[in-house]
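J.: For reference, the file model-v6.cif (mmCIF, C-alpha atoms) is included below:
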```
data_data
loop_
_atom_site.label_atom_id
_atom_site.label_comp_id
_atom_site.auth_asym_id
_atom_site.auth_seq_id
_atom_site.Cartn_x
_atom_site.Cartn_y
_atom_site.Cartn_z
CA MET D 1 39.85 22.53 -6.19
CA ALA D 2 39.79 19.65 -8.67
CA SER D 3 39.77 17.09 -5.85
CA LYS D 4 36.81 18.81 -4.18
CA GLN D 5 34.88 18.72 -7.46
CA GLY D 6 35.79 15.05 -7.93
CA LEU D 7 34.67 14.24 -4.40
CA LEU D 8 31.40 16.12 -4.94
CA LEU D 9 30.77 14.28 -8.23
CA ALA D 10 31.50 10.92 -6.57
CA LEU D 11 29.11 11.75 -3.72
CA LEU D 12 26.36 12.82 -6.15
CA ALA D 13 26.86 9.63 -8.19
CA ALA D 14 26.61 7.48 -5.05
CA VAL D 15 23.38 9.23 -4.02
CA ALA D 16 21.93 8.80 -7.52
CA VAL D 17 22.76 5.08 -7.54
CA ALA D 18 21.28 4.64 -4.05
CA CYS D 19 18.04 6.28 -5.24
CA LEU D 20 17.80 3.89 -8.19
CA ILE D 21 18.23 0.69 -6.15
CA PRO D 22 14.87 -0.34 -4.69
CA ALA D 23 14.74 -1.33 -1.08
CA ALA D 24 13.58 -4.87 -0.29
CA SER D 25 10.84 -3.54 1.96
CA ALA D 26 10.03 -0.56 4.11
CA ALA D 27 7.54 0.38 6.77
CA THR D 28 4.90 2.76 5.44
CA ALA D 29 3.09 5.57 7.24
CA VAL D 30 -0.60 4.78 7.69
CA GLU D 31 -3.57 6.99 8.56
CA TYR D 32 -7.12 6.00 9.37
CA CYS D 33 -9.68 7.28 6.86
CA LYS D 34 -11.83 8.80 9.61
CA LYS D 35 -9.62 10.30 12.27
CA GLY D 36 -10.93 9.68 15.77
CA LYS D 37 -13.19 6.77 14.76
CA ASN D 38 -12.80 3.72 16.98
CA TYR D 39 -12.50 0.96 14.36
CA PRO D 40 -12.88 -2.66 15.59
CA VAL D 41 -9.80 -3.61 13.52
CA LYS D 42 -6.66 -1.71 14.58
CA VAL D 43 -3.82 -1.40 12.06
CA SER D 44 -0.28 -1.26 13.40
CA GLY D 45 1.58 -0.98 10.09
CA VAL D 46 1.89 -1.63 6.38
CA GLU D 47 4.85 -3.18 4.61
CA ILE D 48 5.30 -2.92 0.83
CA VAL D 49 7.65 -5.33 -0.96
CA PRO D 50 9.42 -4.14 -3.06
CA ASP D 51 9.41 -0.44 -2.26
CA PRO D 52 9.18 1.29 -4.65
CA VAL D 53 6.86 -1.02 -6.58
CA VAL D 54 8.19 -2.01 -10.02
CA PRO D 55 5.74 -2.31 -12.94
CA GLY D 56 5.68 -5.81 -14.42
CA GLN D 57 6.88 -7.40 -11.15
CA ALA D 58 4.86 -8.80 -8.26
CA ALA D 59 4.29 -6.44 -5.32
CA THR D 60 2.97 -7.45 -1.91
CA PHE D 61 1.14 -5.19 0.53
CA LYS D 62 1.12 -6.60 4.08
CA VAL D 63 -1.19 -4.96 6.60
CA LYS D 64 -0.50 -5.84 10.24
CA ALA D 65 -3.71 -5.64 12.26
CA SER D 66 -5.48 -6.83 15.38
CA THR D 67 -9.05 -7.22 16.55
CA ASP D 68 -11.05 -8.55 19.48
CA LYS D 69 -14.02 -9.17 17.19
CA PRO D 70 -13.55 -12.36 15.12
CA ILE D 71 -13.80 -11.77 11.38
CA LYS D 72 -15.56 -14.77 9.84
CA GLU D 73 -16.42 -13.20 6.50
CA GLY D 74 -16.22 -9.89 4.73
CA LYS D 75 -14.57 -7.88 2.01
CA LEU D 76 -11.36 -6.02 1.41
CA VAL D 77 -12.02 -2.95 -0.76
CA ILE D 78 -8.98 -1.32 -2.39
CA ASP D 79 -9.13 2.09 -4.09
CA VAL D 80 -6.00 3.43 -5.79
CA LYS D 81 -5.35 7.07 -6.68
CA TYR D 82 -2.52 8.49 -8.80
CA TRP D 83 -1.10 11.85 -7.73
CA VAL D 84 -0.26 14.32 -10.48
CA ILE D 85 -1.44 17.73 -9.26
CA TRP D 86 -4.43 16.21 -7.48
CA ALA D 87 -5.53 12.63 -6.76
CA ILE D 88 -6.97 10.83 -9.78
CA PRO D 89 -8.85 7.56 -9.07
CA VAL D 90 -7.24 4.90 -11.29
CA HIS D 91 -8.27 1.52 -9.92
CA SER D 92 -10.75 -0.14 -7.56
CA GLU D 93 -11.15 -3.78 -6.62
CA THR D 94 -12.92 -5.89 -4.00
CA HIS D 95 -11.70 -9.22 -2.57
CA ASP D 96 -13.07 -11.81 -0.16
CA ILE D 97 -11.24 -10.98 3.10
CA CYS D 98 -10.77 -14.71 3.79
CA GLN D 99 -8.70 -14.97 0.57
CA GLU D 100 -6.34 -12.28 1.92
CA THR D 101 -6.00 -13.59 5.53
CA SER D 102 -6.93 -16.69 7.53
CA CYS D 103 -10.53 -16.70 8.76
CA PRO D 104 -11.75 -16.44 11.37
CA ALA D 105 -9.25 -13.64 11.98
CA THR D 106 -8.90 -12.59 15.59
CA GLY D 107 -6.12 -11.21 17.77
CA ASP D 108 -3.04 -10.27 15.70
CA PHE D 109 -3.28 -11.09 12.01
CA VAL D 110 -1.89 -10.01 8.63
CA ILE D 111 -3.80 -9.12 5.49
CA ALA D 112 -1.50 -9.83 2.54
CA HIS D 113 -2.40 -8.79 -0.99
CA SER D 114 -0.08 -9.45 -3.93
CA GLN D 115 -0.45 -8.10 -7.42
CA THR D 116 1.61 -7.61 -10.55
CA LEU D 117 1.09 -4.20 -12.10
CA PRO D 118 1.13 -3.89 -15.90
CA SER D 119 4.51 -2.88 -17.32
CA TYR D 120 2.97 0.32 -18.71
CA THR D 121 1.94 1.60 -15.24
CA PRO D 122 3.22 5.19 -14.97
CA PRO D 123 5.84 5.84 -12.30
CA GLY D 124 4.99 8.28 -9.54
CA SER D 125 3.17 8.72 -6.24
CA TYR D 126 0.01 6.77 -5.47
CA THR D 127 -2.37 6.45 -2.51
CA ILE D 128 -4.34 3.38 -1.46
CA ASP D 129 -7.51 3.55 0.59
CA MET D 130 -8.08 0.06 2.00
CA THR D 131 -11.38 -0.75 3.74
CA VAL D 132 -12.10 -3.93 5.68
CA LYS D 133 -15.81 -4.74 5.77
CA GLY D 134 -17.38 -7.45 7.88
CA GLU D 135 -20.76 -9.09 7.87
CA ASN D 136 -23.55 -6.83 6.54
CA ASP D 137 -20.91 -4.44 5.09
CA GLU D 138 -19.98 -3.15 8.58
CA GLU D 139 -16.86 -0.99 8.25
CA LEU D 140 -14.29 -2.69 10.48
CA SER D 141 -11.36 -0.50 9.45
CA CYS D 142 -10.31 1.96 6.79
CA ILE D 143 -6.73 3.08 6.22
CA SER D 144 -4.93 5.26 3.72
CA PHE D 145 -1.25 5.09 2.79
CA GLY D 146 1.02 6.24 0.03
CA PHE D 147 3.41 4.27 -2.12
CA SER D 148 5.64 4.87 -5.11
CA ILE D 149 5.91 3.12 -8.42
CA GLY D 150 9.35 3.23 -10.00
CA PHE D 151 10.32 2.65 -13.60
CA ALA D 152 9.75 -0.74 -15.21
CA ALA D 153 12.65 -3.14 -15.01
CA SER D 154 14.35 -3.76 -18.33
CA SER D 155 14.08 -7.28 -19.69
#
```
Would it be possible to restate this file's structure as structure tokens?

T.:
Amino acid sequence: MASKQGLLLALLAAVAVACLIPAASAATAVEYCKKGKNYPVKVSGVEIVPDPVVPGQAATFKVKASTDKPIKEGKLVIDVKYWVIWAIPVHSETHDICQETSCPATGDFVIAHSQTLPSYTPPGSYTIDMTVKGENDEELSCISFGFSIGFAASS
């Protein structure tokens, strides 16, 4: 009986440690904002490094995409929501798309956005709505994906 309890405690400790060690990166599930809409920019995946994101450390969001329509200019609009019981909008920002990828973007390309979150950012579940807008604010794509923020690293 004692050995079974010891084995169970060792297994629980191993699981707890594994949950505390952040992965280097992970593929993230992505949904289009408007299901069924035929966006000119197709998104094949999102990678978040590190995952979970750690407050006070740089995090990079890489969006793998493709298009037949060259993107010469535009905007990347990022809206972040924090999930408690419902989604609470906490941050919004807009960037020149050509600062986040090489322009003109055509064929397969990657939009990479890096940011360091303040060390006081609360841990938990978040959602990002990311919209790519082209010339004249044409909506080229809009995706939504979740990510987690862990506890701040101790210094």

J.: With all atoms listed in the file as the basis for distance, which of D:Pro118, D:Thr127, D:Lys72, D:Ile85 is at the shortest distance from Gln99 of chain D?

T.: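 Smallest separation from Gln99 of chain D among the options: D:Lys72.
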
J.: List the residues selected by the PyMOL selection byres ((chain D and resi 52-67) around 8) in the file shown, writing them as a VMD selection string.

T.: chain D and resid 22 to 23 40 to 51 68 to 70 105 to 121 147 to 153

J.: Please expand the PyMOL selection byres ((chain D and resi 74) around 7) into the concrete residues it hits in this file, giving the result as an NGL selection string.

T.: :D and (73 or 75 or 96-97 or 133-135)

J.: Rank nothing, just name the residue among D:Val77, D:Val84, D:Val90, D:Cys98 nearest to Gly124 of chain D, using only C-alpha atoms.

T.: D:Val84

J.: Enter the distance from atom CA of Tyr82 of chain D to atom CA of Asn38 of chain D, in Å, rounded to one decimal.

T.: 28.2 Å

J.: As a check of understanding, name the residues that the PyMOL selection byres ((chain D and resi 145) around 9) selects in the supplied structure, as an MDAnalysis selection string.

T.: chainID D and resid 28:32 46 126:130 143:144 146:147
